Amino acid sequence: MKFIKIYSNDSEFKNIYFNDSISFILSDGHSVGKTKLLELLDFCLLKDKPSFLKLEKFKNKKELEFYLEIQIRDFYVTIKRVLNASRNGISIKKSTSSIECLNEVNFDFTGGQENALTFLNQLLEYQLVGRPLNFRHYLNYFLRTQDDQSDIFRLNKYNRSKDIDFKPIVATLLNIDGNFIKEKYLLEADILKLDKEISVLEFEVGANKTRDFIEGEIELLSKIRDEKEKRFQTFDFYLEENNLSKELVLDVETKISKLNKQRNSLNREIAYINQASEDKLLIEMNEIDELFKEIDLVFPNSIKNEYAKVVEFNKNLSTERIEILQDNKKSFISELDEIENSLFLLNNQRVELLSVLTDSNTMSKFKKIEKEIIEIETNINREKDKLEKYELLESKIFLKSTKNSELDNIVKRIEKTIEFFRNNNNIKHIIEQYARIIFNEEALFSVGLNSHKNIEFNLKISNNNNFNNQRDDGHTFRKLLSFLFSIAILINNKEDNFFRFAVLDSPFDGDRNEYQIGLSNAIKKLTAEHNAQVVITSVFDEIKDKNISDDAKKNEVRFLDENDKLFGDF
């Protein structure tokens with residue numbers, strides 16, 4: 001695909017006829033429409049909603065039409081777009097020669113964007129790595145506005161997207177099957193989703209439960225339910241009352257008695273701790289001093305010092321002992337609270353059991369067993385639900401294992417395709433060759449898998465044989481790197497049905513003027529040797545080399561200034 005011309009039914013827009021090799025869109029300053037032209041080209045190539053349509057002057061224009069003519073191999077295609085058309089605002093005409101379509105009524109296609117994309121893709125017949133391509137996915141690597149030149153591989157529209165959205169596209173441009181890359185990301189997303197689902201199911205089922213345990217619970221509960229239902233249906237309460245009597249005598253009363261003993265023991269311990277905390281172990285020094293004075297005796301200093309040491313030692317010992325006792329007290333109180341709660345529940349259970357044993361009303365006993373049967377049935381259904389979830393858990397675990405195997409296989413396939421790329425692809429050689437022309441430096445282009453087995457692309461230019469430099473972070477420098485990448489893709493695929501153009505938005509503007517001559521030489525080599533078309537926008541005064549500025553004027557296809565903007569006043 002090459003650009004032939006772009007025109008409009010509005011005389012305010014001047015027709016632009018592109019050269020077959022190099023075309024310059026020049027201006028005497030900024031904000032006159034250079035970048036807007038690139039957005040218009042993108043719009044005519046079926047972009048959905050370009051930003052220039054937000055300009056106030058376009059909001060209410062219903063009849064404004066733009067026509068872009070392109071050459072595809074040995075025929076021509078004109079794409080007509082009508083601004084603000086609600087439906088069917090796209091028309092496409094195929095011809096054997098360059099034509100004007102302002103008054104054309106017989107188009108080969110008229111319709112909406114989705115069908116227009118299908119129609120144009122069929123005309124282009126783009127393929128890489130043996131697969132048909134949607135040209136829109138790859139277009140902006142060769143039609144880059146300023147916003148698309150800040151990163152070599154991630155276009156502006158992918159800034160907030162995940163790697164799955166752009167890495168398969170870049171891989172395909174390098175003749176590495178991007179479907180493998182995409183499939184890997186999709187598999188990892190599936191596995192991550194399964195991990196979350198498995199965690200939820202494990203929590204609901206119980207981490208330590210097995211299928212056999214759950215099935216055993218269901219079987220045992222069903223047996224108990226069946227026995228109770230049999231007695232329920234025959235009004236036979238003998239066994240039920242007998243069981244209740246055993247439970248009351250052997251279980252509940254025993255538990256209550258044991259807990260009462262524990263409670264009494266704990267209460268004694270707490271009382272002892274309270275008393276011990278108040279005890280006074282020794283007489284204070286001032287009290288002894290007073291005693292000696294009362295009996296008119298002298299309290300010797302040697303004895304006084306020794307006793308002071310004893311007092312201090314016992315104070316420390318007493319403090320430590322009280323701290324230990326207080327810690328024990330907290331533990332005893334906590335244990336006492338648990339015992340009180342258990343006694344409360346057991347006493348309620350005893351009252352309920354006794355009411356059944358002493359109740360002569362058959363209907364009350366009947367309802368009691370009915371309630372128990374309902375509770376058992378609820379428990380059975382709950383365990384059956386767990387069993388279903390356990391079966392679902394097993395299927396999820398098996399599916400995760402299958403996905404992991406598929407992931408391992410797809411990683412191996414990616415590794416093989418990358419290895420094939422390294423051994424058989426010409427792109428690295430092209431990048432190195434054109435890097436020397438543009439920068440007079442060596443280029444390092446690499447494709448490989450990182451520690452997470454995700455594909456990574458890297459392009460660095462040496463700085464005095466040092467690749468670990470920050471020069472590549474500059475915006476102007478990255479423009480040139482983006483163009484270098486595009487050059488390599490164009491040349492590598494020049495024998496295929498593919499793009500034949502590269503658009504550079506303001507590559508001569510900025511603070512890295514030392515690369516202008518190298519860039520100009522690279523453009524000349526590309527267009528002369530590889531039948532490529534290069535469209536360049538630039539502020540004319542930013543071109544510092546006279547030979548380049550002369551070439552720019554010679555290949556100028558449109559000059560924009562304050563009095564002659566692309567769309568008039570906007």
# chains A, B, ... in the order shown; residues from 1 in each chain; ligands from 1
$ closest_atom_pairs --of "stretch 444-546 of chain A" --to "stretch 32-47 of chain A" --cutoff "8 Å" --atoms "only C-alpha atoms" --output "tab-separated table"
residue	atom	partner	partner_atom	distance
A:Asp505	CA	A:Thr35	CA	6.8
A:Thr537	CA	A:Lys34	CA	6.2
A:Ser538	CA	A:Lys34	CA	7.8
$ residues_around --residues "stretch 391-402 of chain A" --least-positions-apart "3" --cutoff "12 Å" --atoms "only C-alpha atoms" --output "VMD selection string"
chain A and resid 187 to 207 210 to 212 214 to 215 384 to 388 405 to 409
$ atom_distance --atom1 "atom CA of A:Tyr76" --atom2 "atom CA of A:Ser482"
28.6 Å
$ closest_residue --among "A:Lys428, A:Thr319, A:Asn404, A:Ile176" --to "A:Lys416" --atoms "only C-alpha atoms"
A:Ile176
$ residues_around --residues "stretch 141-155 of chain A" --least-positions-apart "4" --cutoff "9 Å" --atoms "only C-alpha atoms" --output "PyMOL selection string"
chain A and resi 35-36+38-39+41-42+137+159+163+166-167+170+457-459+473-476+478-483+485-487+490+499-506
$ write_last_selection --atoms "N, CA, C and O atoms" --output "tab-separated table (two decimals), in the first residue's frame"
chain	number	residue	atom	x	y	z
A	35	THR	N	0.21	17.33	12.09
A	35	THR	CA	-0.21	16.10	12.76
A	35	THR	C	-1.66	15.77	12.44
A	35	THR	O	-2.04	14.60	12.33
A	36	LYS	N	-2.49	16.81	12.26
A	36	LYS	CA	-3.89	16.58	11.90
A	36	LYS	C	-4.00	15.86	10.55
A	36	LYS	O	-4.92	15.06	10.33
A	38	LEU	N	-1.97	13.56	9.48
A	38	LEU	CA	-1.75	12.14	9.76
A	38	LEU	C	-2.99	11.51	10.38
A	38	LEU	O	-3.34	10.36	10.07
A	39	GLU	N	-3.66	12.26	11.24
A	39	GLU	CA	-4.90	11.76	11.83
A	39	GLU	C	-5.98	11.59	10.76
A	39	GLU	O	-6.79	10.66	10.80
A	41	LEU	N	-5.39	10.91	7.54
A	41	LEU	CA	-5.03	9.69	6.79
A	41	LEU	C	-5.50	8.45	7.54
A	41	LEU	O	-6.04	7.51	6.95
A	42	ASP	N	-5.30	8.45	8.86
A	42	ASP	CA	-5.72	7.34	9.70
A	42	ASP	C	-7.24	7.17	9.65
A	42	ASP	O	-7.77	6.06	9.56
A	137	HIS	N	-4.61	-3.41	12.79
A	137	HIS	CA	-3.81	-3.75	13.96
A	137	HIS	C	-2.36	-3.33	13.81
A	137	HIS	O	-1.67	-3.10	14.81
A	159	ASN	N	-1.26	2.11	25.76
A	159	ASN	CA	-0.60	2.56	26.99
A	159	ASN	C	-1.28	2.03	28.24
A	159	ASN	O	-0.63	1.74	29.24
A	163	ASP	N	-0.17	-6.51	28.12
A	163	ASP	CA	0.79	-6.97	27.12
A	163	ASP	C	0.13	-7.81	26.03
A	163	ASP	O	0.58	-7.81	24.89
A	166	PHE	N	-0.69	-5.92	22.66
A	166	PHE	CA	0.25	-5.44	21.65
A	166	PHE	C	1.42	-6.38	21.35
A	166	PHE	O	1.95	-6.37	20.24
A	167	LYS	N	1.81	-7.20	22.31
A	167	LYS	CA	2.97	-8.07	22.07
A	167	LYS	C	2.73	-9.10	20.96
A	167	LYS	O	3.65	-9.36	20.16
A	170	VAL	N	3.39	-7.15	17.69
A	170	VAL	CA	4.82	-6.91	17.43
A	170	VAL	C	5.49	-8.21	17.00
A	170	VAL	O	6.30	-8.23	16.07
A	457	PHE	N	10.87	-7.44	23.80
A	457	PHE	CA	11.59	-6.86	22.66
A	457	PHE	C	12.44	-5.70	23.18
A	457	PHE	O	11.99	-4.93	24.03
A	458	ASN	N	13.64	-5.57	22.65
A	458	ASN	CA	14.51	-4.48	23.10
A	458	ASN	C	15.36	-3.98	21.95
A	458	ASN	O	15.88	-4.77	21.16
A	459	LEU	N	15.45	-2.67	21.85
A	459	LEU	CA	16.28	-2.04	20.82
A	459	LEU	C	17.07	-0.91	21.48
A	459	LEU	O	16.50	0.06	21.97
A	473	ASP	N	16.04	7.30	26.26
A	473	ASP	CA	14.83	7.79	26.91
A	473	ASP	C	14.36	9.13	26.36
A	473	ASP	O	13.23	9.54	26.62
A	474	GLY	N	15.20	9.84	25.63
A	474	GLY	CA	14.80	11.12	25.05
A	474	GLY	C	13.74	10.95	23.98
A	474	GLY	O	13.78	10.02	23.18
A	475	HIS	N	12.77	11.88	23.95
A	475	HIS	CA	11.64	11.73	23.02
A	475	HIS	C	12.10	11.79	21.56
A	475	HIS	O	11.66	10.97	20.74
A	476	THR	N	12.96	12.74	21.24
A	476	THR	CA	13.43	12.85	19.85
A	476	THR	C	14.19	11.59	19.43
A	476	THR	O	14.03	11.10	18.31
A	478	ARG	N	13.78	8.62	20.57
A	478	ARG	CA	12.85	7.48	20.42
A	478	ARG	C	12.05	7.58	19.13
A	478	ARG	O	11.61	6.57	18.59
A	479	LYS	N	11.84	8.79	18.64
A	479	LYS	CA	11.24	8.93	17.30
A	479	LYS	C	12.08	8.18	16.28
A	479	LYS	O	11.56	7.45	15.43
A	480	LEU	N	13.40	8.40	16.34
A	480	LEU	CA	14.30	7.79	15.37
A	480	LEU	C	14.36	6.27	15.54
A	480	LEU	O	14.42	5.54	14.56
A	481	LEU	N	14.32	5.81	16.78
A	481	LEU	CA	14.30	4.36	17.02
A	481	LEU	C	13.01	3.74	16.49
A	481	LEU	O	13.02	2.63	15.94
A	482	SER	N	11.89	4.45	16.64
A	482	SER	CA	10.62	3.95	16.12
A	482	SER	C	10.68	3.83	14.60
A	482	SER	O	10.21	2.84	14.02
A	483	PHE	N	11.27	4.82	13.95
A	483	PHE	CA	11.42	4.78	12.50
A	483	PHE	C	12.37	3.65	12.10
A	483	PHE	O	12.14	2.94	11.11
A	485	PHE	N	12.84	0.84	13.60
A	485	PHE	CA	12.08	-0.42	13.69
A	485	PHE	C	11.16	-0.57	12.47
A	485	PHE	O	11.08	-1.66	11.87
A	486	SER	N	10.47	0.51	12.10
A	486	SER	CA	9.56	0.45	10.94
A	486	SER	C	10.31	0.13	9.65
A	486	SER	O	9.83	-0.66	8.81
A	487	ILE	N	11.48	0.74	9.47
A	487	ILE	CA	12.31	0.47	8.29
A	487	ILE	C	12.59	-1.02	8.15
A	487	ILE	O	12.43	-1.62	7.09
A	490	LEU	N	9.50	-3.00	7.09
A	490	LEU	CA	9.16	-2.76	5.68
A	490	LEU	C	10.10	-3.53	4.75
A	490	LEU	O	9.65	-4.18	3.79
A	499	PHE	N	2.42	-3.18	3.82
A	499	PHE	CA	2.60	-1.72	3.70
A	499	PHE	C	3.88	-1.41	2.93
A	499	PHE	O	4.89	-2.11	3.04
A	500	ARG	N	3.82	-0.32	2.18
A	500	ARG	CA	5.02	0.14	1.45
A	500	ARG	C	5.40	1.55	1.87
A	500	ARG	O	6.16	2.21	1.20
A	501	PHE	N	4.83	2.03	2.98
A	501	PHE	CA	5.11	3.41	3.38
A	501	PHE	C	5.48	3.47	4.86
A	501	PHE	O	5.16	2.58	5.65
A	502	ALA	N	6.15	4.58	5.20
A	502	ALA	CA	6.41	4.93	6.60
A	502	ALA	C	6.21	6.43	6.72
A	502	ALA	O	6.74	7.20	5.92
A	503	VAL	N	5.43	6.82	7.71
A	503	VAL	CA	5.15	8.24	7.94
A	503	VAL	C	5.91	8.69	9.18
A	503	VAL	O	5.81	8.07	10.24
A	504	LEU	N	6.69	9.76	9.05
A	504	LEU	CA	7.47	10.30	10.17
A	504	LEU	C	6.91	11.66	10.55
A	504	LEU	O	6.92	12.58	9.72
A	505	ASP	N	6.43	11.77	11.77
A	505	ASP	CA	5.88	13.03	12.24
A	505	ASP	C	6.98	13.83	12.96
A	505	ASP	O	7.41	13.48	14.05
A	506	SER	N	7.46	14.87	12.30
A	506	SER	CA	8.46	15.80	12.84
A	506	SER	C	9.76	15.15	13.28
A	506	SER	O	10.24	15.40	14.39
$ residues_around --residues "stretch 261-274 of chain A" --least-positions-apart "2" --cutoff "8 Å" --atoms "only C-alpha atoms" --output "JSON, numbers by chain"
{"A": [257, 258, 259, 276, 277, 278, 325, 326, 329, 332, 333, 336, 339]}
$ atom_distance --atom1 "atom CA of A:Lys162" --atom2 "atom CA of A:Glu114"
24.0 Å
